[in-house]
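Let me begin by presenting the structure, written as structure tokens, before commenting on it.
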Amino acid sequence: MKVLVPIKRVIDYNVKVRVKADNSNVDLANVKMALNPFCEIAVEEAVRLKEAGTATEVIVVSIGNKSCQEQLRTALALGADRAIHIDTELTFDALNIAKLLQKIVEEEQPQLVILGKQSIDSDNNQTGQMLGALTGFSQGTFASEIKVVGEKINVTREVDSGLQTVALTLPAIVTTDLRLNEPRYASLPNIMKAKRKPLVVKLAADFGIDLTPRTQLLKVSPPKERQAGIIVESIDELVEKLRNEAKVIS
Amino acid sequence: MSILVYAEHDNSVLKADSLKTVAAAQQIGGDITILVAGHHCQSVAEQAAKVNGVTKVLVADHVAFEHQLAENISLLVTELAADYNVVMATALTTGKNFMPRVAALLDVAQISDIVAVESADTFVRPIYAGNAIATVQSLDAKKVITVRSTGFDAVATDGTAEIISLGNVTDAGISSHVNDELTVSARPDLGAARVIISGGRGMQNGENFSLLDGIADKLGAGIGASRAAVDAGFVANDMQVGQTGKIVAPDLYIAVGISGAIQHLAGMKDSKVIVAINKDPEAPIFQVADYGLVADLFEALPELESAL
């Protein structure tokens, strides 16, 4: 079975973002970028399915400017077989991303699409589910375990009250949660090998989709900073403050 | 303006977060209808009918909706959405799961996790783990919105809305429920708790989390955890507070043995009062804490329990 893994280039999760002085957006100039952590988990899961003999081919796809080829190469070094870069200088709403991915699904006919549950920049948590609706595929979001059983896939999901397992008819969409796996590090020989793996470039504008933005970013501001409070010397002082100053306990 | 609010529930209890989603709907302004989709969920409908500011409660009671599978629910909500300008759900696991499908089926962008309403088409939402706050305008005629409940105050529950049973059944037939492993706890739900005490990597193992029990009992608190503690297997995933776990804003949040990674702060920094107990005086958690105590938690916790 073919597995498609859409991935995203985002700010490195260790970097604290700063808002631009003109409040137009966050400042990403000269900031370290990386593969979105949830996407990394998605690539790892697909590669493990291949190693287990369940998947026959792992294809990664990313939408963005030329720099996202760096993350596609990372995914190839982690074990993906080939990559598709959908080239654009624009940034899209999740809906338009899902529409482009739908075209790739039509071309590649994967049985399984694994995506990160959200990207740590826009924090939208939408693309996988939207792709599910557009393709008519079943979906298992926030996965912490997946098991392919014949024509179905069982997905254990992290939900607010614990864990829920659903059985999905293939083809299906899975979005990854943090505990699905622990991604490997790419070895140097694999990084070298990845440079020779196939990477095709397609232009977003060539897909014949109306990619008009559906939202407009009016302003980005820094959050209200909390002021650090005081250091208390003892538990007794803490309890006294909580009772009489903050009045949050009785 | 007409607004459809999806009720978050477990077929017996309407989640308190839904009252906050209705508050967000009231800020947009318009005629508000609540949809209760489930199976044997009549009691939820009765609770929803008491929610202030709601005109109608629609009930879709069918086995196809029992587990609120995204494939089936999204078809139902999309059908009903024809009659509404705005469709809203709470940004909890059910809403997050099915709403983007609704948005895609309606061919509109979704605005996720709003924390404030600026106008009927402009909303405020955190991005980058809450390190930036975006003001976003929706350009679509129909709005699909999920609401982060910490941004809104719950509406009262002394209303009397009309309950209408729906005959709609939408079964995509491509997914089924296998089983749930739900955490049974007598403690308040993290989303509703007035006080939360959370443990981090500093707790060292799962057994040590019992040190939080006595304190939680005395304060009527919910117990949470950092991602580090969940990843290390100390406690279950449903206790995780943070960017990708639960977002909470209780009156009092006590962080014990938690260093304060930005991803954790994203889940709790809107709490009214924050207490940090950590033996490392340089831990970033102290920069957001109203009251910090630099101490070994294994000494501080028993002392705190007896002082309460």
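Labeling convention for the structure tokens: chains A, B, ... as they appear, residues from 1 per chain, ligands from 1 in order of appearance.
DSSP annotation of region 24-77 of chain B from backbone atoms: helix (DSSP H, G or I) residues are B:Ala24, B:Ala25, B:Gln26, B:Gln27, B:Ile28, B:Gln42, B:Ser43, B:Val44, B:Ala45, B:Glu46, B:Gln47, B:Ala48, B:Ala49, B:Val63, B:Ala64, B:Phe65, B:Ala70, B:Glu71, B:Asn72, B:Ile73, B:Ser74, B:Leu75, B:Leu76, B:Val77.
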Taking C-alpha atoms for each residue, export the selection above as a short mmCIF file (atom, residue, chain, number, x, y, z; two decimals), in the first residue's frame.
data_model
loop_
_atom_site.label_atom_id
_atom_site.label_comp_id
_atom_site.auth_asym_id
_atom_site.auth_seq_id
_atom_site.Cartn_x
_atom_site.Cartn_y
_atom_site.Cartn_z
CA ALA B 24 -18.95 33.54 22.18
CA ALA B 25 -22.02 33.11 19.95
CA GLN B 26 -23.82 35.85 21.89
CA GLN B 27 -20.91 38.20 21.25
CA ILE B 28 -21.28 37.60 17.53
CA GLN B 42 -32.38 13.36 25.64
CA SER B 43 -31.02 14.48 29.02
CA VAL B 44 -28.34 16.52 27.22
CA ALA B 45 -31.08 18.18 25.18
CA GLU B 46 -32.92 19.09 28.38
CA GLN B 47 -29.75 20.62 29.84
CA ALA B 48 -29.13 22.49 26.58
CA ALA B 49 -32.67 23.90 26.65
CA VAL B 63 -27.09 5.11 16.79
CA ALA B 64 -25.05 6.55 13.89
CA PHE B 65 -24.24 9.51 16.14
CA ALA B 70 -16.36 12.79 12.50
CA GLU B 71 -17.47 11.27 9.18
CA ASN B 72 -21.13 11.01 10.28
CA ILE B 73 -21.39 14.18 12.37
CA SER B 74 -19.78 16.36 9.69
CA LEU B 75 -22.42 15.27 7.16
CA LEU B 76 -25.21 16.08 9.63
CA VAL B 77 -23.82 19.51 10.54
#
Please return, as number ranges by chain, all residues of chain B lying within 7 Å of chain A when only C-alpha atoms are considered.
-> B: 71, 93, 97, 100-101, 104-105, 109, 112, 127-140, 174-183, 231, 237-238, 251-252, 286-293, 300, 303-304, 307
Write a file of the just-selected residues containing C-alpha atoms, as a PDB file, in the first residue's frame.
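So the final result, stored in selection_10.pdb, reads:
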ATOM      1  CA  GLU B  71     -17.475  11.268   9.185  1.00  0.00           C
ATOM      2  CA  THR B  93     -11.554  16.739  20.897  1.00  0.00           C
ATOM      3  CA  ASN B  97     -12.216  16.319  15.009  1.00  0.00           C
ATOM      4  CA  PRO B 100     -12.740  21.099   9.653  1.00  0.00           C
ATOM      5  CA  ARG B 101     -14.639  18.452   7.654  1.00  0.00           C
ATOM      6  CA  ALA B 104     -14.291  21.802   3.741  1.00  0.00           C
ATOM      7  CA  LEU B 105     -17.705  20.402   2.763  1.00  0.00           C
ATOM      8  CA  ALA B 109     -12.107  28.403   5.820  1.00  0.00           C
ATOM      9  CA  SER B 112      -9.901  27.731  14.960  1.00  0.00           C
ATOM     10  CA  ILE B 127      -0.827  31.323  17.195  1.00  0.00           C
ATOM     11  CA  TYR B 128       2.692  29.997  17.815  1.00  0.00           C
ATOM     12  CA  ALA B 129       1.681  28.381  21.116  1.00  0.00           C
ATOM     13  CA  GLY B 130       0.187  31.652  22.314  1.00  0.00           C
ATOM     14  CA  ASN B 131       3.411  33.602  21.732  1.00  0.00           C
ATOM     15  CA  ALA B 132       1.566  35.749  19.221  1.00  0.00           C
ATOM     16  CA  ILE B 133      -2.069  36.793  19.032  1.00  0.00           C
ATOM     17  CA  ALA B 134      -3.623  37.053  15.581  1.00  0.00           C
ATOM     18  CA  THR B 135      -6.643  39.114  14.595  1.00  0.00           C
ATOM     19  CA  VAL B 136      -8.215  37.344  11.625  1.00  0.00           C
ATOM     20  CA  GLN B 137     -11.042  38.378   9.344  1.00  0.00           C
ATOM     21  CA  SER B 138     -13.117  35.698   7.667  1.00  0.00           C
ATOM     22  CA  LEU B 139     -13.892  36.545   4.033  1.00  0.00           C
ATOM     23  CA  ASP B 140     -16.418  33.708   3.625  1.00  0.00           C
ATOM     24  CA  ILE B 174     -16.670   4.209   6.511  1.00  0.00           C
ATOM     25  CA  SER B 175     -15.791   4.219  10.202  1.00  0.00           C
ATOM     26  CA  SER B 176     -16.924   2.530  13.367  1.00  0.00           C
ATOM     27  CA  HIS B 177     -16.234   2.746  17.052  1.00  0.00           C
ATOM     28  CA  VAL B 178     -14.206  -0.093  18.603  1.00  0.00           C
ATOM     29  CA  ASN B 179     -13.733   0.853  22.245  1.00  0.00           C
ATOM     30  CA  ASP B 180     -12.957   3.580  24.757  1.00  0.00           C
ATOM     31  CA  GLU B 181     -10.409   3.510  27.535  1.00  0.00           C
ATOM     32  CA  LEU B 182     -11.675   6.385  29.579  1.00  0.00           C
ATOM     33  CA  THR B 183     -10.025   7.620  32.691  1.00  0.00           C
ATOM     34  CA  ASP B 231       5.814  11.154  27.654  1.00  0.00           C
ATOM     35  CA  ASN B 237      -2.393  11.473  28.165  1.00  0.00           C
ATOM     36  CA  ASP B 238      -5.690  13.039  29.205  1.00  0.00           C
ATOM     37  CA  ASP B 251      -8.514  30.487  39.410  1.00  0.00           C
ATOM     38  CA  LEU B 252      -5.451  28.774  40.856  1.00  0.00           C
ATOM     39  CA  PHE B 286       8.998  31.382  37.917  1.00  0.00           C
ATOM     40  CA  GLN B 287       8.769  34.115  35.274  1.00  0.00           C
ATOM     41  CA  VAL B 288       5.012  33.599  34.974  1.00  0.00           C
ATOM     42  CA  ALA B 289       4.273  32.606  38.573  1.00  0.00           C
ATOM     43  CA  ASP B 290       2.564  34.985  40.967  1.00  0.00           C
ATOM     44  CA  TYR B 291       4.037  33.035  43.861  1.00  0.00           C
ATOM     45  CA  GLY B 292       7.170  30.973  43.551  1.00  0.00           C
ATOM     46  CA  LEU B 293       8.675  28.641  46.102  1.00  0.00           C
ATOM     47  CA  ALA B 300       7.171  20.917  50.131  1.00  0.00           C
ATOM     48  CA  GLU B 303       4.044  20.312  54.168  1.00  0.00           C
ATOM     49  CA  LEU B 304       1.534  21.999  51.864  1.00  0.00           C
ATOM     50  CA  ALA B 307      -0.927  23.418  55.994  1.00  0.00           C
TER      51      ALA B 307
END
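The shortest atom-to-atom distance to Asn181 (chain A), with only C-alpha atoms taken into account, belongs to A:Glu44 out of A:Gly79, A:Glu44, A:Pro110, A:Val3.
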For Lys66 (chain A), work out the shell of residues within 12 Å, counting only C-alpha atoms and skipping chain neighbours fewer than 4 positions away, then give it as a PyMOL selection string.
-> chain A and resi 9+62+70-73+84-90+199-203
Selected residues written out with N, CA and C atoms, as a PDB file, in the first residue's frame:
ATOM      1  N   ARG A   9       7.172  22.953   6.660  1.00  0.00           N
ATOM      2  CA  ARG A   9       8.334  23.645   7.218  1.00  0.00           C
ATOM      3  C   ARG A   9       7.825  24.723   8.160  1.00  0.00           C
ATOM      4  N   SER A  62       5.228  18.619   0.154  1.00  0.00           N
ATOM      5  CA  SER A  62       5.188  19.859   0.923  1.00  0.00           C
ATOM      6  C   SER A  62       4.829  21.016   0.004  1.00  0.00           C
ATOM      7  N   GLU A  70      14.237  21.606   1.730  1.00  0.00           N
ATOM      8  CA  GLU A  70      15.130  21.184   2.820  1.00  0.00           C
ATOM      9  C   GLU A  70      14.423  20.158   3.723  1.00  0.00           C
ATOM     10  N   GLN A  71      13.154  20.452   4.062  1.00  0.00           N
ATOM     11  CA  GLN A  71      12.396  19.532   4.917  1.00  0.00           C
ATOM     12  C   GLN A  71      12.019  18.263   4.157  1.00  0.00           C
ATOM     13  N   LEU A  72      11.784  18.386   2.835  1.00  0.00           N
ATOM     14  CA  LEU A  72      11.516  17.179   2.045  1.00  0.00           C
ATOM     15  C   LEU A  72      12.750  16.269   2.044  1.00  0.00           C
ATOM     16  N   ARG A  73      13.942  16.871   1.919  1.00  0.00           N
ATOM     17  CA  ARG A  73      15.178  16.071   1.975  1.00  0.00           C
ATOM     18  C   ARG A  73      15.337  15.415   3.349  1.00  0.00           C
ATOM     19  N   ILE A  84       7.470  15.283  -3.426  1.00  0.00           N
ATOM     20  CA  ILE A  84       6.813  16.207  -4.348  1.00  0.00           C
ATOM     21  C   ILE A  84       6.820  17.586  -3.683  1.00  0.00           C
ATOM     22  N   HIS A  85       7.346  18.559  -4.409  1.00  0.00           N
ATOM     23  CA  HIS A  85       7.321  19.926  -3.898  1.00  0.00           C
ATOM     24  C   HIS A  85       6.314  20.737  -4.710  1.00  0.00           C
ATOM     25  N   ILE A  86       5.296  21.253  -4.040  1.00  0.00           N
ATOM     26  CA  ILE A  86       4.336  22.136  -4.707  1.00  0.00           C
ATOM     27  C   ILE A  86       4.799  23.564  -4.434  1.00  0.00           C
ATOM     28  N   ASP A  87       5.305  24.181  -5.482  1.00  0.00           N
ATOM     29  CA  ASP A  87       6.021  25.444  -5.341  1.00  0.00           C
ATOM     30  C   ASP A  87       5.064  26.630  -5.397  1.00  0.00           C
ATOM     31  N   THR A  88       5.208  27.529  -4.409  1.00  0.00           N
ATOM     32  CA  THR A  88       4.438  28.768  -4.384  1.00  0.00           C
ATOM     33  C   THR A  88       5.136  29.754  -3.463  1.00  0.00           C
ATOM     34  N   GLU A  89       5.004  31.020  -3.758  1.00  0.00           N
ATOM     35  CA  GLU A  89       5.525  32.039  -2.844  1.00  0.00           C
ATOM     36  C   GLU A  89       4.429  32.509  -1.883  1.00  0.00           C
ATOM     37  N   LEU A  90       3.212  32.028  -2.102  1.00  0.00           N
ATOM     38  CA  LEU A  90       2.089  32.468  -1.276  1.00  0.00           C
ATOM     39  C   LEU A  90       1.949  31.569  -0.055  1.00  0.00           C
ATOM     40  N   LEU A 199      12.881  14.003  -6.404  1.00  0.00           N
ATOM     41  CA  LEU A 199      12.081  15.116  -5.871  1.00  0.00           C
ATOM     42  C   LEU A 199      11.547  15.872  -7.078  1.00  0.00           C
ATOM     43  N   VAL A 200      10.227  15.837  -7.274  1.00  0.00           N
ATOM     44  CA  VAL A 200       9.669  16.563  -8.411  1.00  0.00           C
ATOM     45  C   VAL A 200       9.027  17.859  -7.920  1.00  0.00           C
ATOM     46  N   VAL A 201       9.101  18.874  -8.774  1.00  0.00           N
ATOM     47  CA  VAL A 201       8.540  20.178  -8.425  1.00  0.00           C
ATOM     48  C   VAL A 201       7.339  20.448  -9.327  1.00  0.00           C
ATOM     49  N   LYS A 202       6.224  20.831  -8.710  1.00  0.00           N
ATOM     50  CA  LYS A 202       5.030  21.236  -9.459  1.00  0.00           C
ATOM     51  C   LYS A 202       4.675  22.639  -8.989  1.00  0.00           C
ATOM     52  N   LEU A 203       4.065  23.400  -9.866  1.00  0.00           N
ATOM     53  CA  LEU A 203       3.687  24.758  -9.469  1.00  0.00           C
ATOM     54  C   LEU A 203       2.252  24.763  -8.954  1.00  0.00           C
TER      55      LEU A 203
END
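Minimum atom-to-atom distance to Thr175 (chain A), evaluated using only C-alpha atoms, belongs to B:Lys96 out of B:Ala261, B:Ala141, B:Lys96, B:Asn11.
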Take CA of Ala83 (chain A) and CA of Leu28 (chain A) and report the distance between them in Å, one decimal.
-> 25.1 Å
Enumerate the residues of region 41-138 of chain B with a DSSP assignment of strand (DSSP E), computed from the backbone, and present them as a PyMOL selection string.
-> chain B and resi 54-61+86-90+110-114+116-119+122-127+132-138
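Shortest separation to Leu219 (chain B) among B:Ala232, B:Ala193, B:Ala23, B:Met99 occurs at residue B:Ala193, atoms counted being only C-alpha atoms.
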Quick one: everything within 8 Å of His264 (chain B), counting only C-alpha atoms, minus sequence neighbours fewer than 4 positions away in the same chain. Send it as number ranges by chain.
-> B: 226-227, 241-243, 260, 268
Shell around Met239 (chain B) at 6 Å using only C-alpha atoms, local window under 3 positions removed, as a compact mmCIF listing (two decimals) with N, CA and C atoms, in the first residue's frame:
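Ended up saving to result-v6.txt:
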# COMPACT_ATOMS: atom_id res chain seq x y z
N GLY B 224 -3.28 17.75 36.84
CA GLY B 224 -2.75 17.78 35.47
C GLY B 224 -1.30 17.37 35.44
N ALA B 225 -0.70 17.47 34.26
CA ALA B 225 0.69 17.07 34.10
C ALA B 225 1.30 17.82 32.92
N ALA B 236 -1.48 9.39 32.51
CA ALA B 236 -2.18 9.22 31.23
C ALA B 236 -2.22 10.51 30.41
